[in-house]
Structure formats: C-alpha cells, structure tokens
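S.K.: Here it is, the structure in full.
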Amino acid sequence: MVFSGLVFLYLFLPCILLLYFLWRNTVYRNWVLIASSFFFYAWGEPVWVVLLLLSSLIGWIAATAIGKYRGNWKSKLFLILTIAQQLAVLAYFKYIGFFIENIRFITGWNIPYQEIALPIGISFYTFQIISYLVDVYRGDLKSQSLTKVLLYVSLFPQLVAGPIVRFTDIEHEMDNRTFSAAGFSQGINRFVIGLGKKVIFANQAGEAASLLLDGDLSELSVVSAWFGIALFALQIYFDFSGYSDMAVGLGKMFGFTYPENFNYPYVSRTAGEFWRRWNISLGSFFRDYIYIPLGGNRRRMVRNLFVVWFLTGFWHGASWNFILWGLFFGLLIWIERLFLKKLLERLPVMISHVYMAAVILLGWVLFYFVDLSRGLDFTAVLFGAASNTVFDLQTSIFIKDHLILFLAGLIASTPLWRIVTEKLRRQSSWRGTVYVQIAVPAANALLLVIATILLAGESYNPFLYFRF
Amino acid sequence: MRNRHLNIVFFMLVIFTLFTINLLIPKKASVSEIEKRALELKPVLSLSSIFGGRYFVQYEDYFTDHFVWRDQLVEWSGLLKKSKGILGEEDIRLVVSRNNNMQSSMNSPVNEEEAVPAMSSHAEEQEESSEEEMVGQYLVYKDNAYLLYYFNPEAAKRYAGALNEFQQRVDAEQLRVYSLLVPSKIEFVGEEKLKKLTMPQKAAVDLVKETLQESITPVDAYSKLEEHKEEYIYFRSDHHWTALGAYYAYEAFAEAAGYTMIPLAQYDTEEYPGFLGTSYAATLSTAMKRNPDVLTLYKPSVSSTLTVSDGESFIRRELFDKQYSEKDEKYSTFLGGDFGYGILRTKSGTNRVLMVIKDSYANALIPFLIPHYKEIHIIDPRYYTGNIVRAAKEAKADEVLFLNSSIVGSYFGISNFLLKSMEVKQRN
C-alpha cells in the first residue's frame with residue numbers, strides 16, 4: 001500500500017483516524033498505531049511482515065542486554081553481533097544477487113541462488129534498529145520496552161520510505177501526545193503537499209522521463225536527452241521528498257514530530273551542501289554512525305569519505321551504477337574541500353548553480369541507468385558525441401507538451417513559493433487574513449481532490465486488443 | 001473559525017465523504033466498456049491468497065476499479081493532464097499507450113509498485129518475455145489519432161517467409177494463394193509535418209512482395225487506398241479502415257482474382273453514428289469525442305450463414321453483430337469480432353471455396369466477397385489452434401487469401417503464429 005493511492009486515502013486512513021481518536025488513552029493509541037502499522041506493512045508484504053517483527057524483537061532483546069552490560073565487554077559483543085545479524089539479513093535480501101553476480105564475473109563460479117523480491121522498507125527499518133542499538137550502547141538512550149521498540153520501528157508513516165528517524169527524535173512524544181488542532185492542521189498541510197508533489201509532479205514527470213530515457217537511444221535528439229534527464233531529476237525529487245512530506249505530515253497528525261528530510265536540495269551551490277539538503281536523515285545516519293566513528297575529518301579523511309560514499313551509493317541500490325553515483329559525490333566533496341569550495345565562493349553565484357546543475361544531472365544519469373553501457377551511450381548523446389540530431393519535430397512536440405509541468409516543477413523545487421506565501425501570511429491587512437484563514441484550507445482540499453482525480457486516471461488501463 | 005479548524009474540516013470532509021460513499025454504494029458494473037476489460041472482482045479471502053500476496057494486490061485493484069464516479073474522474077484526469085503542456089487541438093500531440101495487449105500478460109504486474117522512492121523502480125529487471133511489448137505511439141492531431149508505424153525489415157521478411165512455407169506445403173495446382181497487406185491510415189495522412197514522425201509502410205509492403213515466391217499473387221490494395229485517400233476510408237477514432245476502405249481493397253482483390261466486382265451503388269446501407277473506437281480509448285481525445293465516427297454497413301444482397309467454432313462445436317453468428325453497433329466501439333459489428341475458425345456459407349450459386357487467413361482488418365472486407373464464393377473459411381492464426389495447411393485441404397479451398405495489416409512489417413507476432421500453426425520449427 002502506498003500513501004499516494006486510493007486505498008490508503010479512502011479506506012485505510014479514515015479507519016485509522018477513527019480508531020485512533022476513539023479513545024484518549026496514550027497506551028491505547030500506541031497499540032492502535034502498532035497494530036495498524038503492522039497491518040499496513042503486511043498489506044504490502046504478507047509474508048515478510050514476520051521479518052519485521054523478528055528484527056524488532058531481536059533489536060529489543062539485544063538493546064536490553066547492551067543496556068544491562070554497559071561498560072562491560074559483553075555490551076560491545078551484543079552490539080556487534082546484532083548489528084552483524086541485521087546487516088546480514090539486509091545483505092541477504094537486498095544484495096545477494098549482486099554478490100553472486102560479481103563472484104561469477106570474477107571467478108566464473110556459477111552459484112545457484114533464488115531471486116528474492118526485496119521486502120519493502122527493509123533498508124529503512126534496518127537502519128533505524130541499528131541506530132537504536134548504537135544509541136543505547138553509547139548511553140544516549142536507555143533500553144526500551146517492547147512496546148516502545150515495536151512502535152519505533154513499525155510506525156507506518158516512516159516505515160516504508162523514511163525518513164530514518166532516531167529513537168531520541170520521538171522518545172518524548174511516545175508517552176506525551178496531546179491533540180492540538182494546530183498540530184493536526186499542520187500535519188494535514190504537509191501530507192497534502194507531499195501527496196500533490198507525488199501525484200501531480202513526480203508521477204507525471206516520471207511518465208514523461210521514461211518515454212525519453214527508456215526508448216531507442218539512437219532516435220533521441222540531444223535536447224530530448226537533456227530534457228529527459230531533467231524530468232527525471234524532477235521526478236525523483238518530488239517522489240522522494242513528497243513521500244517524506246507525507247510521512248512528516250502523517251506523523252504530525254498522530255502527534256509525532258519527525259525531522260525534516262529535504263530542504264530544497266536543488267538550490268545548493270556545492271555538492272557538500274546538496275547532501276545536507278537531500279535525504280538528510282540518511283546523510284546524518286552515515287555521518288553519526290560511520291564517518292565520525294571512523295575518524296571523520298581528523299583521521300584518514302580520504303578513506304572515511306570513500307567508505308561513506310561507497311555505502312551511500314550502495315544503500316540506494318544493489319548495482320554498480322549506484323555505487324559509482326555515491327563515489328561520484330564523494331569525489332566531488334573531497335575536491336570541494338581541497339579547493340573548489342573556496343574557489344566557487346569567490347566566483348559569481350551563477351557559476352555555482354551551473355556547476356551544480358551539471359553535477360546533479362550527470363549524477364542522475366549514473367543513478368538512472370543500471371546498465372552502465374547504456375548509461376555511457378546516453379552520456380554520449382548528451383554531449384553530442386553520438387550521431388544524434390540536436391533538435392527535431394518530436395522534441396519540439398514533447399517539450400511543448402510538458403512545458404508547464406516542467407516549469408512549474410522547477411519553481412516548486414525552489415523555496416520561491418514558500419517565500420511568497422510567507423510574505424502573504426505576514427501581511428496584517430485583510431489579504432493576509434484571507435490567505436491564512438481561507439485560502440490555505442481551500443487549496444489543501446483542492447489539492448486533495450486533484451490528486452484523487454489523477455489517481456483514478458492512473459487506474460485507466462484500456463485493453464486495446466492489438467493482438468498481433 | 002480559525003484556519004486550522006477549517007483545514008481539518010475540509011480535509012475530513014473529503015476523506016470521510018469518499019470513504020463512506022465507497023463503502024455504501026453497491027458495486028454494480030463489472031465491465032468497463034471503454035477499457036474493454038473486466039473490472040477487478042472482489043478477491044476471495046483465504047490463507048493462500050493472503051500469503052501468496054494476491055489478495056491485497058487484487059483488493060487494491062478492486063477498490064480502485066469500483067471507486068465511485070470512476071469514469072467521470074478518469075475523464076477529468078485526462079483533461080487535467082492536458083494542462084501539463086501548451087499544446088492545443090491544432091497542435092500535434094504524441095500520446096503513448098503502453099498497455100500490455102497480450103492476454104497472457106494480463107496476469108503479470110505491469111507496474112511494479114516501488115514503495116521506496118529512492119530505489120528507482122526500473123532497477124528491477126523486466127520479465128524477459130518472448131512476446132514483444134507493444135508500446136503504441138499515437139499521433140493526435142485535431143480529431144484524429146494515428147498510430148506511428150515502425151518498420152522492421154526482418155519482420156516483413158519473416159511474414160513473407162511464412163506465406164512461402166504455406167505455399168510449399170499445399171498443392172499449387174489446386175490452390176491459388178494471395179497476399180493482401182493493408183496499410184494503416186498514417187501512411188496517407190495529408191499534412192507533411194505528420195509524415196516526418198513515422199516510417200513508410202510502402203517499404204514494408206514492397207519488401208514482402210519481393211520476398212514472396214512467384215506463385216503467390218500479391219494484391220495491390222495499397223494503390224487503391226492511396227487513390228481514394230481523401231474519402232472516408234479509415235476511422236478517425238479507431239485504428240481500422242471503414243467498410244468503404246475495405247471495398248477498395250476488395251476491388252484490388254477482384255482484379256487479381258479475375259472476377260467482376262459488385263458496384264458499391266448496388267448495396268443497401270445502414271448507418272450507426274457515435275462510434276468511438278480504439279484510438280479514442282487510448283487517447284481520450286475530447287476533439288474526437290465531439291466528432292465521433294459513423295459505422296456504415298453495406299448489406300450484401302446474397303444471403304449467408306456464419307458459424308464459428310469454439311473448439312468443440314459450431315455456433316451460429318450474425319454477419320453483422322448488432323449488439324456492438326449499440327456500443328461505443330462498433331468495429332466488432334463486422335463478423336462479431338475475431339475468432340479462431342469460422343465458415344460463411346453463402347447462397348451465391350458459385351462453387352468456389354475461399355479461405356481467408358487474417359487479422360481483424362479482413363472482417364470489414366469479407367462481406368463483399370460473399371457473392372463470389374460458395375463457402376468462405378475464416379481463420380485468425382492468433383486464436384486458431386489447428387494446422388492451417390490441413391484446414392485449407394479439408395475445406396477444399398480453391399483460393400487462400402492472407403489478409404493482414406501492415407503491422408506484420410513491424411512485429412513478429414503474427415508470423416510466428418502462422419509458422420507455429422504449420423508446425424514449422426522456429427529459430428527465434
């Protein structure tokens with residue numbers, strides 16, 4: 001089940017809201033959340049919901065032991081064993097194909113294995129459990145009851161697609177949640193914005209991007225190639241940040257304040273800044289649990305950078321192109337640290353933005369094309385190195401057909417809209433009042449309706465009987 | 001009322017209104033007319049369906065397919081999506097319809113729902129299928145939509161090769177083989193700028209002709225259609241030709257087969273307006289909707305009976321199945337749609353037997369052949385499970401007409417069906 005779906009919006013969510021607000025008791029409400037979160041997960045993974053449960057149980061038991069023996073060598077043992085177990089499970093479900101393929105490539109051994117579908121959210125909840133264990137080990141946190149652990153790991157707003165929440169982020173709110181109209185209303189705002197981002201921008205941009213990027217590359221004009229990868233840049237931003245918005249919004253509706261996961265990454269001026277604005281919870285996870293323990297900036301920085309960026313790329317997908325994407329950013333960040341950042345600061349801001357546009361788009365090329373040779377072919381088209389036309393009738397039609405979507409998406413990916421709305425809100429005149437009191441609620445309702453219409457449209461699947 | 005309360009009220013109103021309505025309304029419709037598919041059924045609750053994963057997937061499809069006001073919402077969705085660009089009706093639009101049209105793949109997931117947006121869903125490998133996925137690109141211009149043509153010389157050669165195989169296996173003394181290829185409407189489109197976007201079908205037709213054995217007679221329907229391209233020979237909202245277009249191809253066939261054709265003026269006609277066909281279903285073009293097609297039937301004066309085999313027994317069918325004339329998608333009126341094997345017995349008074357091995361284009365042409373043959377055996381290799389060579393011999397056919405659209409010059413599907421039917425080992 002996805003948040004941006006009719007079943008979630010008009011079946012699951014209303015039921016949860018009814019159940020949750022039926023009784024004011026926090027223990028009751030926590031159990032409603034746990035039960036509904038497991039149901040939500042089981043809907044998508046009726047078999048591997050067991051894995052979620054088991055991982056949480058193991059995490060709970062291990063943390064209790066780690067907390068009990070803190071200071072003792074046994075504490076560290078439990079930590080290492082459990083982390084190894086969690087990673088082993090993740091490695092098995094997500095990376096076994098990758099490992100075996102590479103072994104086959106290097107040695108020629110043909111190890112038979114069964115392709116497994118990746119259980120949804122495993123990359124996220126595994127990291128959450130690990131962060132919990134380490135925090136307990138470090139003494140930042142006491143070990144928690146089973147209820148709390150289950151609630152922390154399974155909470156459905158953030159279970160499937162992040163953000164990666166730390167236990168300390170929501171520790172207080174687990175026991176202290178009082179309903180406030182302001183909070184709930186804020187939650188609605190974020191949720192609806194996220195829904196709009198996903199259904200209006202991400203889905204449409206994605207459809208358009210794949211038309212250009214998945215087809216015959218020899219037929220693609222240079223301009224179409226750039227337009228295609230730019231559309232993908234919009235798609236992936238709105239998809240991921242939209243989902244994070246929905247997660248934050250839903251969390252808020254139930255009284256939880258999640259950390260922000262995106263902060264307008266496309267206005268960044270350096271690659272370093274980009275990663276402080278993109279998938280913030282992942283970046284801080286790697287910083288706090290890998291980079292700094294390894295020595296951070298102080299000791300063996302280059303090695304640490306390599307490890308962190310290798311893993312960042314690898315986390316995104318079990319394929320070499322993702323690893324290269326991560327390393328690509330690692331390399332840039334290192335170069336920026338050496339001299340490039342200072343250089344860019346002295347040059348006009350425009351140069352930084354052009355630099356970042358190139359970095360971002362080329363990064364997405366690496367990210368999109370799992371088949372590296374196809375990615376190379378595509379890059380050749382981008383730089384006119386292949387024998388493709390620069391611009392043709394098809395390109396003109398395509399751009400015109402997506403111009404508004406593209407421009408609106410571009411603007412929406414910057415804080416421009418927020419600056420405008422803030423100015424409106426601050427106005428003490430009647431305009432400000434109208435805006436705050438009526439326009440926002442009306443706009444939210446409208447967004448919800450538009451998203452519903454588009455979602456219904458997505459179910460349209462004509463059987464055109466072209467049986468050839 | 002403060003804005004936060006209004007916000008909550010509006011939100012809850014939308015969510016709970018649609019929740020309640022969906023819960024309360026009875027699910028009446030079971031078929032989507034325009035999509036030509038059955039709407040998903042409510043899944044049966046069982047342990048195996050849950051743990052197999054089918055239950056929840058099916059439930060989502062069921063819920064979405066039966067969502068209240070779905071047809072209206074789909075239409076509005078189409079309108080909304082227009083605002084993503086600046087193209088008007090006077091402009092050319094390209095619409096891609098990537099629906100899986102192979103019946104067998106209706107069961108395989110078309111869109112893998114990736115709940116994790118960070119992982120790109122395309123990273124999952126696509127099922128390597130032996131069937132080619134047909135991604136049809138429609139060129140939408142004003143109230144017409146044209147499928148772009150994609151020419152694959154290998155496909156054209158394989159088609160001709162299949163016909164050659166057939167010819168070798170039958171007795172050339174007794175049986176004359178004809179090949180008729182129907183170009184699609186984009187070949188004759190008027191505006192030059194539209195032509196630039198597609199590949200030429202003449203090349204496909206010519207390549208097939210060259211590759212065919214001498215003893216097979218090619219029928220030049222192409223020139224006839226080109227001659228009459230200003231007339232209403234193709235539907236706007238459907239990928240098929242009209243009966244008038246079929247008539248001109250019949251003219252070509254009559255010349256090749258050596259008999260005099262019946263002039264069109266001698267036919268009584270019936271008209272059914274409000275025809276919105278496959279191109280409409282794929283593009284949902286509002287311009288098309290405002291100007292739908294008219295289905296014109298030319299009623300043969302010679303009577304005939306059509307029986308169609310379902311594998312076991314023969315069932316009576318109408319030459320023109322009027323139940324389809326009442327609906328939006330009217331082309332299936334001709335012969336009642338496609339079937340594996342059928343026999344049209346006529347009161348024409350001749351004793352010639354024809355076998356037509358065909359796709360859906362032939363359905364509009366076959367009625368014109370009735371006065372010339374005692375029996376017309378009709379085979380669609382996509383559905384026929386027998387051996388077409390044996391069928392031709394058993395039917396004691398004097399002539400065999402292979403009638404297909406130019407799509408055989410794009411994809412291997414039909415050629416493979418033909419070869420399989422003749423039990424020819426295929427390398428691919």
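Chain labels follow the order of the structure tokens: the first chain is A, the next B, and so on; residue numbering restarts at 1 in every chain, and ligands are counted from 1 in their shown order.
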Determine which residues of range 205-290 of chain A receive a DSSP assignment of alpha helix (DSSP H), computed from the backbone, and state them as an MDAnalysis selection string.

M.R.: chainID A and resid 205:213 222:253 271:277 280:286

S.K.: What are the residues of chain A that have an atom within 6 Å of an atom of chain B, counting only C-alpha atoms, as a PyMOL selection string?

M.R.: chain A and resi 10+43+46-47+161+182+185+240+316+400-405+437+441+445+453-454+456-457+462-463+465-466+468

S.K.: When distances are computed from only C-alpha atoms, which of A:Ser268, A:Thr26, A:Ser221, A:Ser319 shows the smallest separation from Ala357 in chain A?

M.R.: A:Ser268
